[in-house]
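Listing of input16.pdb, PDB, C-alpha atoms, pLDDT in the B column
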ATOM      1  CA  MET A   1      85.924 169.623 -58.145  1.00 55.00           C
ATOM      2  CA  GLN A   2      83.895 172.672 -59.131  1.00 65.00           C
ATOM      3  CA  GLN A   3      85.441 175.639 -60.879  1.00 68.00           C
ATOM      4  CA  THR A   4      84.424 179.234 -60.456  1.00 72.00           C
ATOM      5  CA  ILE A   5      84.787 181.529 -63.443  1.00 72.00           C
ATOM      6  CA  ASN A   6      84.039 185.226 -62.979  1.00 75.00           C
ATOM      7  CA  LEU A   7      82.823 186.816 -66.188  1.00 78.00           C
ATOM      8  CA  THR A   8      82.136 190.508 -66.619  1.00 82.00           C
ATOM      9  CA  PHE A   9      79.739 191.934 -69.162  1.00 84.00           C
ATOM     10  CA  PRO A  10      77.497 195.000 -69.610  1.00 90.00           C
ATOM     11  CA  LYS A  11      74.602 195.328 -67.198  1.00 90.00           C
ATOM     12  CA  SER A  12      72.506 197.812 -69.169  1.00 90.00           C
ATOM     13  CA  TRP A  13      72.075 199.343 -72.601  1.00 91.00           C
ATOM     14  CA  SER A  14      74.095 202.394 -71.569  1.00 88.00           C
ATOM     15  CA  GLU A  15      77.158 200.243 -70.789  1.00 91.00           C
ATOM     16  CA  LEU A  16      77.384 198.770 -74.296  1.00 91.00           C
ATOM     17  CA  THR A  17      80.344 199.800 -76.423  1.00 92.00           C
ATOM     18  CA  ASP A  18      80.040 200.611 -80.107  1.00 91.00           C
ATOM     19  CA  LYS A  19      81.311 197.144 -81.051  1.00 93.00           C
ATOM     20  CA  GLN A  20      78.873 195.457 -78.684  1.00 93.00           C
ATOM     21  CA  LEU A  21      75.964 197.481 -80.075  1.00 92.00           C
ATOM     22  CA  LEU A  22      76.959 196.632 -83.616  1.00 93.00           C
ATOM     23  CA  PHE A  23      77.160 192.929 -82.764  1.00 95.00           C
ATOM     24  CA  LEU A  24      73.767 193.016 -81.028  1.00 94.00           C
ATOM     25  CA  PHE A  25      72.003 194.943 -83.801  1.00 91.00           C
ATOM     26  CA  THR A  26      73.495 192.636 -86.438  1.00 95.00           C
ATOM     27  CA  LEU A  27      71.992 189.637 -84.636  1.00 96.00           C
ATOM     28  CA  LEU A  28      68.645 191.431 -84.310  1.00 93.00           C
ATOM     29  CA  ALA A  29      68.656 192.349 -88.005  1.00 95.00           C
ATOM     30  CA  ASP A  30      69.469 188.751 -88.960  1.00 96.00           C
ATOM     31  CA  GLY A  31      66.320 187.624 -87.132  1.00 95.00           C
ATOM     32  CA  TYR A  32      67.821 185.392 -84.462  1.00 95.00           C
ATOM     33  CA  PRO A  33      65.493 184.370 -81.608  1.00 95.00           C
ATOM     34  CA  ALA A  34      65.938 186.285 -78.332  1.00 93.00           C
ATOM     35  CA  THR A  35      67.477 183.320 -76.498  1.00 93.00           C
ATOM     36  CA  ASP A  36      70.060 182.771 -79.245  1.00 94.00           C
ATOM     37  CA  ILE A  37      70.932 186.472 -79.222  1.00 95.00           C
ATOM     38  CA  LYS A  38      71.488 186.438 -75.466  1.00 95.00           C
ATOM     39  CA  VAL A  39      73.722 183.356 -75.592  1.00 93.00           C
ATOM     40  CA  LYS A  40      75.754 184.734 -78.507  1.00 95.00           C
ATOM     41  CA  CYS A  41      76.119 188.122 -76.781  1.00 95.00           C
ATOM     42  CA  LEU A  42      77.066 186.564 -73.445  1.00 93.00           C
ATOM     43  CA  LEU A  43      79.780 184.462 -75.066  1.00 93.00           C
ATOM     44  CA  LYS A  44      81.080 187.250 -77.307  1.00 94.00           C
ATOM     45  CA  TRP A  45      81.037 189.995 -74.681  1.00 93.00           C
ATOM     46  CA  THR A  46      82.813 187.847 -72.100  1.00 91.00           C
ATOM     47  CA  GLY A  47      85.425 186.560 -74.532  1.00 92.00           C
ATOM     48  CA  THR A  48      84.306 182.966 -74.053  1.00 93.00           C
ATOM     49  CA  LYS A  49      84.510 180.504 -76.924  1.00 94.00           C
ATOM     50  CA  VAL A  50      82.622 177.270 -77.500  1.00 92.00           C
ATOM     51  CA  ILE A  51      85.105 174.495 -78.222  1.00 93.00           C
ATOM     52  CA  GLY A  52      82.631 171.651 -78.575  1.00 92.00           C
ATOM     53  CA  CYS A  53      79.810 169.623 -77.111  1.00 90.00           C
ATOM     54  CA  ILE A  54      80.255 166.444 -75.118  1.00 85.00           C
ATOM     55  CA  GLU A  55      77.297 164.414 -73.858  1.00 84.00           C
ATOM     56  CA  GLY A  56      74.885 167.348 -73.889  1.00 82.00           C
ATOM     57  CA  LYS A  57      77.290 169.741 -72.202  1.00 91.00           C
ATOM     58  CA  HIS A  58      79.247 172.535 -73.820  1.00 92.00           C
ATOM     59  CA  LEU A  59      83.001 172.764 -73.513  1.00 91.00           C
ATOM     60  CA  LEU A  60      83.969 176.448 -73.251  1.00 91.00           C
ATOM     61  CA  ARG A  61      87.269 178.286 -73.109  1.00 93.00           C
ATOM     62  CA  TYR A  62      87.755 181.528 -71.220  1.00 90.00           C
ATOM     63  CA  LYS A  63      91.274 182.886 -71.457  1.00 88.00           C
ATOM     64  CA  LYS A  64      93.371 179.777 -70.763  1.00 88.00           C
ATOM     65  CA  GLN A  65      90.742 177.934 -68.738  1.00 87.00           C
ATOM     66  CA  GLU A  66      88.457 175.273 -70.151  1.00 89.00           C
ATOM     67  CA  PHE A  67      85.228 174.289 -68.448  1.00 88.00           C
ATOM     68  CA  MET A  68      81.962 172.456 -69.053  1.00 89.00           C
ATOM     69  CA  VAL A  69      78.508 174.002 -68.769  1.00 89.00           C
ATOM     70  CA  SER A  70      75.092 172.480 -69.246  1.00 89.00           C
ATOM     71  CA  ALA A  71      72.257 174.066 -71.203  1.00 87.00           C
ATOM     72  CA  GLN A  72      70.587 174.787 -67.852  1.00 90.00           C
ATOM     73  CA  GLN A  73      73.648 176.687 -66.620  1.00 88.00           C
ATOM     74  CA  LEU A  74      73.678 178.779 -69.811  1.00 88.00           C
ATOM     75  CA  ALA A  75      69.956 179.469 -69.381  1.00 89.00           C
ATOM     76  CA  GLU A  76      70.608 180.692 -65.850  1.00 90.00           C
ATOM     77  CA  ALA A  77      73.519 182.860 -66.998  1.00 89.00           C
ATOM     78  CA  ILE A  78      71.584 184.621 -69.746  1.00 90.00           C
ATOM     79  CA  LYS A  79      69.028 185.810 -67.187  1.00 92.00           C
ATOM     80  CA  MET A  80      71.678 188.387 -66.282  1.00 91.00           C
ATOM     81  CA  ILE A  81      71.111 190.059 -69.657  1.00 92.00           C
ATOM     82  CA  ASP A  82      67.314 189.894 -69.738  1.00 93.00           C
ATOM     83  CA  TRP A  83      67.421 193.668 -70.080  1.00 93.00           C
ATOM     84  CA  LEU A  84      68.071 193.021 -73.792  1.00 92.00           C
ATOM     85  CA  ASP A  85      64.421 191.956 -74.143  1.00 90.00           C
ATOM     86  CA  GLU A  86      63.245 195.561 -73.855  1.00 88.00           C
ATOM     87  CA  LEU A  87      64.430 198.482 -75.893  1.00 82.00           C
ATOM     88  CA  PRO A  88      66.022 201.255 -73.863  1.00 82.00           C
ATOM     89  CA  SER A  89      63.857 204.160 -72.739  1.00 80.00           C
ATOM     90  CA  VAL A  90      66.407 206.639 -74.105  1.00 79.00           C
ATOM     91  CA  PRO A  91      68.210 206.304 -77.429  1.00 78.00           C
ATOM     92  CA  VAL A  92      71.582 204.569 -77.379  1.00 75.00           C
ATOM     93  CA  ARG A  93      74.111 206.363 -79.532  1.00 68.00           C
ATOM     94  CA  VAL A  94      76.933 204.683 -81.344  1.00 61.00           C
TER      95      VAL A  94
END
Let's see the structure in the file written out as structure tokens.
Amino acid sequence: MQQTINLTFPKSWSELTDKQLLFLFTLLADGYPATDIKVKCLLKWTGTKVIGCIEGKHLLRYKKQEFMVSAQQLAEAIKMIDWLDELPSVPVRV
């Protein structure tokens, strides 16, 4: 049986809250690779937590639901925030 989990997250720089900007800029300042930043932001901004890894898949918890995702599924999900790869054309204010 397949589960469907609907996650909501910002779709552009202008939709980021102060806390989300702070989290993102902290990761950038710490020198994380772009892919790691996107995964960390996706999980943090959606309120999803990694519980563990089992046989190459990640066990995640969203609210009271637990589900498994593969690395490929995470890679597909972070494409939704590829806009993080480019700095915004207008300044983003905190």
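Selection by the PyMOL selection byres ((chain A and resi 25) around 12) on the present file picks out Leu16, Asp18, Lys19, Gln20, Leu21, Leu22, Phe23, Leu24, Thr26, Leu27, Leu28, Ala29, Asp30, Gly31, Tyr32, Ala34, Ile37, Lys38, Cys41, Leu84, Leu87, Val92 and Val94 of chain A.
What separates CA of His58 in chain A from CA of Lys11 in chain A is a distance of 24.2 Å.
In this comparison, which uses all atoms listed in the file, the residue of A:Ser12, A:Gln72, A:Asn6, A:Thr48 approaching Glu86 in chain A most closely is A:Ser12.
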Selected by the PyMOL selection byres ((chain A and resi 61) around 8) in the shown coordinates: which residues, as a PDB file with C-alpha atoms, in the coordinates of the input?
ATOM      1  CA  THR A  48      84.306 182.966 -74.053  1.00 93.00           C
ATOM      2  CA  LYS A  49      84.510 180.504 -76.924  1.00 94.00           C
ATOM      3  CA  VAL A  50      82.622 177.270 -77.500  1.00 92.00           C
ATOM      4  CA  ILE A  51      85.105 174.495 -78.222  1.00 93.00           C
ATOM      5  CA  LEU A  59      83.001 172.764 -73.513  1.00 91.00           C
ATOM      6  CA  LEU A  60      83.969 176.448 -73.251  1.00 91.00           C
ATOM      7  CA  TYR A  62      87.755 181.528 -71.220  1.00 90.00           C
ATOM      8  CA  LYS A  63      91.274 182.886 -71.457  1.00 88.00           C
ATOM      9  CA  LYS A  64      93.371 179.777 -70.763  1.00 88.00           C
ATOM     10  CA  GLN A  65      90.742 177.934 -68.738  1.00 87.00           C
ATOM     11  CA  GLU A  66      88.457 175.273 -70.151  1.00 89.00           C
ATOM     12  CA  PHE A  67      85.228 174.289 -68.448  1.00 88.00           C
TER      13      PHE A  67
END
Item to check | Residues within 12 Å of Glu55 in chain A, all atoms listed in the file, excluding chain neighbours under 2 positions, as a ChimeraX atom specification | outcome: /A:52-53,57-59,68-71
Item to check | Point-to-point distance in Å for CA of Thr17 in chain A and CA of Ile81 in chain A | outcome: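 A separation of 15.0 Å between them.
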Next on the checklist: For Thr35 in chain A, find every residue with an atom within 10 Å (counting only C-alpha atoms), except residues of its own chain fewer than 6 positions away, and show them as a PyMOL selection string.
Outcome noted: chain A and resi 41+75+78-79+82+85
Next on the checklist: Evaluate the PyMOL selection byres ((chain A and resi 9) around 7) against this structure - the residues, as a count of residues only, please.
Outcome noted: 6
Next on the checklist: Report, in Å with one decimal, the straight-line distance from CA of Ser14 in chain A to CA of Gln73 in chain A.
Outcome noted: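 A separation of 26.2 Å between them.
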Final all heavy atoms of range 39-50 of chain A as an mmCIF file, in the coordinates of the input:
data_model
loop_
_atom_site.group_PDB
_atom_site.id
_atom_site.type_symbol
_atom_site.label_atom_id
_atom_site.label_comp_id
_atom_site.auth_asym_id
_atom_site.auth_seq_id
_atom_site.Cartn_x
_atom_site.Cartn_y
_atom_site.Cartn_z
ATOM 1 N N VAL A 39 72.593 184.287 -75.740
ATOM 2 C CA VAL A 39 73.722 183.356 -75.592
ATOM 3 C C VAL A 39 74.910 183.850 -76.406
ATOM 4 O O VAL A 39 76.042 183.892 -75.910
ATOM 5 C CB VAL A 39 73.320 181.920 -76.009
ATOM 6 C CG1 VAL A 39 74.545 181.016 -76.094
ATOM 7 C CG2 VAL A 39 72.301 181.347 -75.040
ATOM 8 N N LYS A 40 74.666 184.242 -77.655
ATOM 9 C CA LYS A 40 75.754 184.734 -78.507
ATOM 10 C C LYS A 40 76.398 185.981 -77.907
ATOM 11 O O LYS A 40 77.622 186.112 -77.908
ATOM 12 C CB LYS A 40 75.242 185.022 -79.917
ATOM 13 C CG LYS A 40 74.921 183.765 -80.710
ATOM 14 C CD LYS A 40 74.338 184.117 -82.063
ATOM 15 C CE LYS A 40 73.933 182.903 -82.838
ATOM 16 N NZ LYS A 40 75.039 182.124 -83.368
ATOM 17 N N CYS A 41 75.580 186.897 -77.393
ATOM 18 C CA CYS A 41 76.119 188.122 -76.781
ATOM 19 C C CYS A 41 76.909 187.792 -75.521
ATOM 20 O O CYS A 41 78.003 188.325 -75.323
ATOM 21 C CB CYS A 41 74.997 189.100 -76.467
ATOM 22 S SG CYS A 41 74.314 189.922 -77.918
ATOM 23 N N LEU A 42 76.370 186.935 -74.678
ATOM 24 C CA LEU A 42 77.066 186.564 -73.445
ATOM 25 C C LEU A 42 78.447 185.986 -73.764
ATOM 26 O O LEU A 42 79.448 186.396 -73.178
ATOM 27 C CB LEU A 42 76.248 185.551 -72.646
ATOM 28 C CG LEU A 42 76.881 185.084 -71.347
ATOM 29 C CD1 LEU A 42 76.851 186.197 -70.310
ATOM 30 C CD2 LEU A 42 76.170 183.861 -70.819
ATOM 31 N N LEU A 43 78.503 185.080 -74.714
ATOM 32 C CA LEU A 43 79.780 184.462 -75.066
ATOM 33 C C LEU A 43 80.727 185.478 -75.685
ATOM 34 O O LEU A 43 81.902 185.559 -75.318
ATOM 35 C CB LEU A 43 79.556 183.278 -76.012
ATOM 36 C CG LEU A 43 78.806 182.093 -75.409
ATOM 37 C CD1 LEU A 43 78.513 181.049 -76.485
ATOM 38 C CD2 LEU A 43 79.558 181.478 -74.256
ATOM 39 N N LYS A 44 80.232 186.271 -76.618
ATOM 40 C CA LYS A 44 81.080 187.250 -77.307
ATOM 41 C C LYS A 44 81.581 188.323 -76.341
ATOM 42 O O LYS A 44 82.761 188.656 -76.323
ATOM 43 C CB LYS A 44 80.281 187.885 -78.451
ATOM 44 C CG LYS A 44 80.961 189.000 -79.185
ATOM 45 C CD LYS A 44 81.859 188.469 -80.234
ATOM 46 C CE LYS A 44 82.342 189.620 -81.113
ATOM 47 N NZ LYS A 44 83.297 189.155 -82.094
ATOM 48 N N TRP A 45 80.687 188.884 -75.557
ATOM 49 C CA TRP A 45 81.037 189.995 -74.681
ATOM 50 C C TRP A 45 81.951 189.580 -73.532
ATOM 51 O O TRP A 45 82.649 190.416 -72.975
ATOM 52 C CB TRP A 45 79.787 190.660 -74.130
ATOM 53 C CG TRP A 45 78.941 191.309 -75.192
ATOM 54 C CD1 TRP A 45 79.302 191.600 -76.481
ATOM 55 C CD2 TRP A 45 77.594 191.740 -75.064
ATOM 56 N NE1 TRP A 45 78.263 192.172 -77.149
ATOM 57 C CE2 TRP A 45 77.200 192.280 -76.303
ATOM 58 C CE3 TRP A 45 76.674 191.726 -74.025
ATOM 59 C CZ2 TRP A 45 75.925 192.802 -76.527
ATOM 60 C CZ3 TRP A 45 75.414 192.243 -74.246
ATOM 61 C CH2 TRP A 45 75.045 192.785 -75.482
ATOM 62 N N THR A 46 81.932 188.308 -73.170
ATOM 63 C CA THR A 46 82.813 187.847 -72.100
ATOM 64 C C THR A 46 84.119 187.265 -72.633
ATOM 65 O O THR A 46 85.009 186.934 -71.856
ATOM 66 C CB THR A 46 82.122 186.787 -71.220
ATOM 67 O OG1 THR A 46 81.755 185.672 -72.040
ATOM 68 C CG2 THR A 46 80.913 187.358 -70.508
ATOM 69 N N GLY A 47 84.209 187.124 -73.946
ATOM 70 C CA GLY A 47 85.425 186.560 -74.532
ATOM 71 C C GLY A 47 85.519 185.057 -74.368
ATOM 72 O O GLY A 47 86.600 184.484 -74.381
ATOM 73 N N THR A 48 84.366 184.411 -74.231
ATOM 74 C CA THR A 48 84.306 182.966 -74.053
ATOM 75 C C THR A 48 84.018 182.306 -75.393
ATOM 76 O O THR A 48 83.203 182.784 -76.155
ATOM 77 C CB THR A 48 83.195 182.606 -73.044
ATOM 78 O OG1 THR A 48 83.431 183.334 -71.834
ATOM 79 C CG2 THR A 48 83.168 181.135 -72.742
ATOM 80 N N LYS A 49 84.695 181.217 -75.660
ATOM 81 C CA LYS A 49 84.510 180.504 -76.924
ATOM 82 C C LYS A 49 83.999 179.090 -76.673
ATOM 83 O O LYS A 49 84.409 178.438 -75.723
ATOM 84 C CB LYS A 49 85.823 180.423 -77.684
ATOM 85 C CG LYS A 49 86.418 181.773 -77.990
ATOM 86 C CD LYS A 49 87.124 181.759 -79.317
ATOM 87 C CE LYS A 49 87.811 183.066 -79.602
ATOM 88 N NZ LYS A 49 86.980 184.162 -79.898
ATOM 89 N N VAL A 50 83.095 178.648 -77.554
ATOM 90 C CA VAL A 50 82.622 177.270 -77.500
ATOM 91 C C VAL A 50 83.614 176.410 -78.264
ATOM 92 O O VAL A 50 83.903 176.661 -79.426
ATOM 93 C CB VAL A 50 81.217 177.138 -78.122
ATOM 94 C CG1 VAL A 50 80.775 175.679 -78.126
ATOM 95 C CG2 VAL A 50 80.214 178.005 -77.384
#
